[in-house]
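Structure below is structure_23.tsv: TSV, N, CA and C atoms.
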```tsv
chain	number	residue	atom	x	y	z
A	10	MET	N	0.86	-1.17	0.00
A	10	MET	CA	0.00	0.00	0.00
A	10	MET	C	0.90	1.23	0.00
A	11	SER	N	0.62	2.14	-0.90
A	11	SER	CA	1.50	3.30	-1.03
A	11	SER	C	1.05	4.52	-0.25
A	12	ALA	N	-0.01	4.42	0.53
A	12	ALA	CA	-0.52	5.58	1.25
A	12	ALA	C	0.42	6.02	2.37
A	13	GLY	N	1.30	5.15	2.79
A	13	GLY	CA	2.27	5.52	3.81
A	13	GLY	C	1.64	5.63	5.19
A	14	ASN	N	2.45	6.05	6.15
A	14	ASN	CA	1.99	6.12	7.53
A	14	ASN	C	1.17	7.36	7.83
A	15	ASN	N	1.24	8.38	7.01
A	15	ASN	CA	0.54	9.62	7.31
A	15	ASN	C	-0.83	9.70	6.65
A	16	TRP	N	-1.40	8.59	6.24
A	16	TRP	CA	-2.70	8.59	5.58
A	16	TRP	C	-3.78	9.16	6.49
A	17	ALA	N	-3.73	8.87	7.78
A	17	ALA	CA	-4.76	9.34	8.71
A	17	ALA	C	-4.76	10.87	8.80
A	18	GLU	N	-3.58	11.46	8.81
A	18	GLU	CA	-3.50	12.92	8.86
A	18	GLU	C	-4.13	13.54	7.62
A	19	LYS	N	-3.97	12.93	6.49
A	19	LYS	CA	-4.54	13.44	5.24
A	19	LYS	C	-6.06	13.29	5.22
A	20	VAL	N	-6.54	12.15	5.71
A	20	VAL	CA	-7.97	11.82	5.62
A	20	VAL	C	-8.84	12.70	6.51
A	21	ILE	N	-8.32	13.18	7.62
A	21	ILE	CA	-9.15	13.95	8.54
A	21	ILE	C	-9.46	15.36	8.05
A	22	GLN	N	-8.94	15.74	6.91
A	22	GLN	CA	-9.13	17.09	6.40
A	22	GLN	C	-10.53	17.34	5.84
A	23	GLN	N	-11.27	16.33	5.46
A	23	GLN	CA	-12.60	16.48	4.89
A	23	GLN	C	-13.55	15.47	5.51
A	24	ASP	N	-14.86	15.77	5.41
A	24	ASP	CA	-15.88	14.84	5.93
A	24	ASP	C	-16.14	13.69	4.97
A	25	SER	N	-15.95	13.94	3.67
A	25	SER	CA	-16.15	12.88	2.67
A	25	SER	C	-15.31	13.19	1.45
A	26	TYR	N	-15.17	12.16	0.60
A	26	TYR	CA	-14.30	12.26	-0.57
A	26	TYR	C	-14.97	11.62	-1.78
A	27	THR	N	-14.69	12.16	-2.95
A	27	THR	CA	-15.06	11.47	-4.18
A	27	THR	C	-14.03	10.36	-4.39
A	28	PRO	N	-14.34	9.37	-5.21
A	28	PRO	CA	-13.33	8.34	-5.48
A	28	PRO	C	-12.03	8.94	-6.01
A	29	GLN	N	-12.13	9.93	-6.88
A	29	GLN	CA	-10.93	10.55	-7.44
A	29	GLN	C	-10.11	11.26	-6.36
A	30	GLU	N	-10.78	12.01	-5.49
A	30	GLU	CA	-10.08	12.70	-4.40
A	30	GLU	C	-9.37	11.71	-3.49
A	31	LEU	N	-10.08	10.64	-3.14
A	31	LEU	CA	-9.51	9.65	-2.24
A	31	LEU	C	-8.32	8.93	-2.88
A	32	ALA	N	-8.45	8.60	-4.14
A	32	ALA	CA	-7.35	7.94	-4.85
A	32	ALA	C	-6.11	8.82	-4.87
A	33	GLU	N	-6.29	10.09	-5.16
A	33	GLU	CA	-5.16	11.02	-5.19
A	33	GLU	C	-4.55	11.18	-3.80
A	34	LEU	N	-5.40	11.31	-2.80
A	34	LEU	CA	-4.95	11.51	-1.44
A	34	LEU	C	-4.12	10.33	-0.93
A	35	LEU	N	-4.59	9.13	-1.23
A	35	LEU	CA	-3.94	7.92	-0.73
A	35	LEU	C	-2.94	7.33	-1.72
A	36	GLU	N	-2.78	7.99	-2.85
A	36	GLU	CA	-1.87	7.52	-3.89
A	36	GLU	C	-2.20	6.10	-4.32
A	37	LEU	N	-3.50	5.87	-4.56
A	37	LEU	CA	-4.00	4.59	-5.03
A	37	LEU	C	-4.73	4.81	-6.34
A	38	ASP	N	-5.00	3.74	-7.05
A	38	ASP	CA	-5.72	3.83	-8.30
A	38	ASP	C	-7.21	4.08	-8.04
A	39	GLU	N	-7.80	5.01	-8.79
A	39	GLU	CA	-9.22	5.31	-8.63
A	39	GLU	C	-10.08	4.08	-8.89
A	40	GLY	N	-9.65	3.24	-9.82
A	40	GLY	CA	-10.38	2.01	-10.11
A	40	GLY	C	-10.45	1.09	-8.90
A	41	LEU	N	-9.37	1.04	-8.12
A	41	LEU	CA	-9.37	0.23	-6.89
A	41	LEU	C	-10.39	0.76	-5.90
A	42	ILE	N	-10.43	2.07	-5.74
A	42	ILE	CA	-11.38	2.69	-4.81
A	42	ILE	C	-12.81	2.34	-5.22
A	43	LYS	N	-13.12	2.51	-6.49
A	43	LYS	CA	-14.47	2.22	-6.98
A	43	LYS	C	-14.80	0.73	-6.81
A	44	GLN	N	-13.84	-0.11	-7.11
A	44	GLN	CA	-14.05	-1.56	-6.97
A	44	GLN	C	-14.35	-1.93	-5.52
A	45	GLU	N	-13.63	-1.34	-4.60
A	45	GLU	CA	-13.84	-1.64	-3.18
A	45	GLU	C	-15.23	-1.19	-2.72
A	46	VAL	N	-15.71	-0.06	-3.23
A	46	VAL	CA	-17.06	0.39	-2.89
A	46	VAL	C	-18.09	-0.55	-3.48
A	47	HIS	N	-17.96	-0.89	-4.75
A	47	HIS	CA	-18.93	-1.77	-5.39
A	47	HIS	C	-18.94	-3.17	-4.79
A	48	ARG	N	-17.81	-3.61	-4.27
A	48	ARG	CA	-17.76	-4.94	-3.62
A	48	ARG	C	-18.22	-4.89	-2.17
A	49	GLY	N	-18.45	-3.70	-1.63
A	49	GLY	CA	-18.93	-3.55	-0.26
A	49	GLY	C	-17.84	-3.55	0.79
A	50	ARG	N	-16.60	-3.49	0.37
A	50	ARG	CA	-15.49	-3.47	1.32
A	50	ARG	C	-15.24	-2.06	1.86
A	51	LEU	N	-15.60	-1.07	1.07
A	51	LEU	CA	-15.46	0.34	1.44
A	51	LEU	C	-16.84	0.96	1.29
A	52	ARG	N	-17.37	1.47	2.39
A	52	ARG	CA	-18.71	2.04	2.37
A	52	ARG	C	-18.69	3.38	1.65
A	53	GLY	N	-19.58	3.51	0.68
A	53	GLY	CA	-19.71	4.75	-0.06
A	53	GLY	C	-21.17	5.02	-0.38
A	54	ASN	N	-21.49	6.27	-0.63
A	54	ASN	CA	-22.85	6.65	-1.00
A	54	ASN	C	-22.95	6.62	-2.51
A	55	LYS	N	-23.92	5.81	-2.99
A	55	LYS	CA	-24.06	5.63	-4.43
A	55	LYS	C	-25.44	6.10	-4.90
A	56	LEU	N	-25.48	6.53	-6.15
A	56	LEU	CA	-26.72	6.84	-6.84
A	56	LEU	C	-26.69	5.98	-8.09
A	57	GLY	N	-27.44	4.89	-8.07
A	57	GLY	CA	-27.32	3.89	-9.13
A	57	GLY	C	-25.96	3.24	-9.03
A	58	ASN	N	-25.19	3.27	-10.10
A	58	ASN	CA	-23.83	2.73	-10.08
A	58	ASN	C	-22.79	3.81	-9.83
A	59	ASP	N	-23.22	5.06	-9.77
A	59	ASP	CA	-22.28	6.16	-9.54
A	59	ASP	C	-21.99	6.33	-8.06
A	60	ILE	N	-20.73	6.46	-7.73
A	60	ILE	CA	-20.33	6.69	-6.34
A	60	ILE	C	-20.31	8.19	-6.12
A	61	ILE	N	-21.17	8.66	-5.24
A	61	ILE	CA	-21.29	10.09	-4.97
A	61	ILE	C	-20.17	10.55	-4.06
A	62	ASP	N	-20.03	9.87	-2.93
A	62	ASP	CA	-18.94	10.19	-2.02
A	62	ASP	C	-18.68	9.04	-1.06
A	63	ILE	N	-17.55	9.15	-0.37
A	63	ILE	CA	-17.12	8.14	0.60
A	63	ILE	C	-16.87	8.87	1.91
A	64	PRO	N	-17.63	8.54	2.96
A	64	PRO	CA	-17.46	9.23	4.24
A	64	PRO	C	-16.09	8.97	4.87
A	65	ARG	N	-15.60	9.95	5.58
A	65	ARG	CA	-14.29	9.86	6.23
A	65	ARG	C	-14.21	8.65	7.16
A	66	ASP	N	-15.24	8.40	7.96
A	66	ASP	CA	-15.17	7.27	8.90
A	66	ASP	C	-15.07	5.94	8.15
A	67	ALA	N	-15.69	5.86	6.97
A	67	ALA	CA	-15.59	4.64	6.16
A	67	ALA	C	-14.16	4.46	5.65
A	68	VAL	N	-13.52	5.56	5.28
A	68	VAL	CA	-12.14	5.50	4.80
A	68	VAL	C	-11.22	5.02	5.90
A	69	ILE	N	-11.39	5.56	7.09
A	69	ILE	CA	-10.55	5.18	8.23
A	69	ILE	C	-10.72	3.70	8.55
A	70	GLU	N	-11.96	3.25	8.57
A	70	GLU	CA	-12.24	1.83	8.84
A	70	GLU	C	-11.60	0.95	7.77
A	71	TRP	N	-11.75	1.32	6.50
A	71	TRP	CA	-11.20	0.55	5.39
A	71	TRP	C	-9.68	0.50	5.44
A	72	MET	N	-9.06	1.63	5.70
A	72	MET	CA	-7.60	1.67	5.77
A	72	MET	C	-7.08	0.84	6.93
A	73	ASN	N	-7.75	0.90	8.06
A	73	ASN	CA	-7.34	0.07	9.20
A	73	ASN	C	-7.44	-1.41	8.87
A	74	GLN	N	-8.50	-1.81	8.16
A	74	GLN	CA	-8.65	-3.20	7.74
A	74	GLN	C	-7.52	-3.61	6.79
A	75	ARG	N	-7.18	-2.73	5.87
A	75	ARG	CA	-6.09	-3.02	4.93
A	75	ARG	C	-4.75	-3.17	5.66
A	76	MET	N	-4.54	-2.35	6.66
A	76	MET	CA	-3.28	-2.42	7.40
A	76	MET	C	-3.18	-3.72	8.22
A	77	ARG	N	-4.35	-4.20	8.69
A	77	ARG	CA	-4.38	-5.46	9.44
A	77	ARG	C	-4.36	-6.66	8.51
A	78	GLY	N	-4.64	-6.43	7.23
A	78	GLY	CA	-4.66	-7.53	6.28
A	78	GLY	C	-5.99	-8.26	6.22
A	79	ASP	N	-7.05	-7.60	6.68
A	79	ASP	CA	-8.40	-8.22	6.65
A	79	ASP	C	-8.90	-8.35	5.23
```

Take the structure from the file and write it as structure tokens.
Amino acid sequence: MSAGNNWAEKVIQQDSYTPQELAELLELDEGLIKQEVHRGRLRGNKLGNDIIDIPRDAVIEWMNQRMRGD
């Protein structure tokens, strides 16, 4: 994972993120972010198949799971 150790400091700056914002912030591929939301691993607010936003608390939970290897 390329987000590094300071991902939490970056994530607390906003209440929610678009997939593109989150991908840029965490230095991950936007496709991965979208895939994780559609698979239910990362909670996001959707309208049809479009991901509207991803709440900060969902990002923190998802990142913690990734760090633990869940």

Skip Asp62 of chain A itself and residues of its chain fewer than 6 positions away, then list as a VMD selection string all residues within 7 Å of it, counting only C-alpha atoms. chain A and resid 25 to 28 53 to 54

Take the residues from that selection and write them out as an mmCIF file, in the coordinates of the input, keeping N, CA and C atoms.
```cif
data_model
loop_
_atom_site.group_PDB
_atom_site.id
_atom_site.type_symbol
_atom_site.label_atom_id
_atom_site.label_comp_id
_atom_site.auth_asym_id
_atom_site.auth_seq_id
_atom_site.Cartn_x
_atom_site.Cartn_y
_atom_site.Cartn_z
ATOM 1 N N SER A 25 -15.950 13.940 3.670
ATOM 2 C CA SER A 25 -16.150 12.880 2.670
ATOM 3 C C SER A 25 -15.310 13.190 1.450
ATOM 4 N N TYR A 26 -15.170 12.160 0.600
ATOM 5 C CA TYR A 26 -14.300 12.260 -0.570
ATOM 6 C C TYR A 26 -14.970 11.620 -1.780
ATOM 7 N N THR A 27 -14.690 12.160 -2.950
ATOM 8 C CA THR A 27 -15.060 11.470 -4.180
ATOM 9 C C THR A 27 -14.030 10.360 -4.390
ATOM 10 N N PRO A 28 -14.340 9.370 -5.210
ATOM 11 C CA PRO A 28 -13.330 8.340 -5.480
ATOM 12 C C PRO A 28 -12.030 8.940 -6.010
ATOM 13 N N GLY A 53 -19.580 3.510 0.680
ATOM 14 C CA GLY A 53 -19.710 4.750 -0.060
ATOM 15 C C GLY A 53 -21.170 5.020 -0.380
ATOM 16 N N ASN A 54 -21.490 6.270 -0.630
ATOM 17 C CA ASN A 54 -22.850 6.650 -1.000
ATOM 18 C C ASN A 54 -22.950 6.620 -2.510
#
```

Name the residues within 6 Å of (-1.8, 10.1, 0.5), counting all atoms listed in the file in the file's coordinates, and put them as an MDAnalysis selection string. chainID A and resid 12 16 33:36

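Computed from the coordinates, the atom CA of Met76 of chain A to atom CA of Asn58 of chain A distance equals 27.5 Å.
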
Distance criterion (only C-alpha atoms): nearest to Glu70 of chain A out of A:Gly40, A:Asn15, A:Val20, A:His47: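 Of the candidates, the smallest distance to Glu70 of chain A is held by A:Val20.
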
Could you give me the residues within chain A that DSSP places in alpha helix (DSSP H), as an MDAnalysis selection string? chainID A and resid 16:20 28:35 39:47 65:77

Please, what distance in Å, to one decimal, runs between atom CA of Ile60 of chain A and atom CA of Lys43 of chain A?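 Atom CA of Lys43 of chain A lies at a distance of 7.4 Å from atom CA of Ile60 of chain A.
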
Can you report as JSON the centre and edge lengths in Å, to one decimal, of an axis-aligned box around the listed atoms of segment 25-34 of chain A padded with 3 Å on each side?
```
{"center_x": -10.1, "center_y": 10.9, "center_z": -1.9, "size_x": 18.0, "size_y": 12.0, "size_z": 17.1}
```

Nearest to Asp66 of chain A: which of A:Asp79, A:Gln29, A:Leu37, A:Leu51 is it, counting only C-alpha atoms?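 Using only C-alpha atoms, the shortest distance to Asp66 of chain A belongs to A:Leu51.
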
All strand (DSSP E) residues (DSSP, backbone) inside chain A, as a ChimeraX atom specification: /A:25-26,54-56,59-64

What's the separation between atom N of Glu18 of chain A and atom C of Glu45 of chain A, in Å to one decimal place?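 Interatomic distance here is 20.7 Å.
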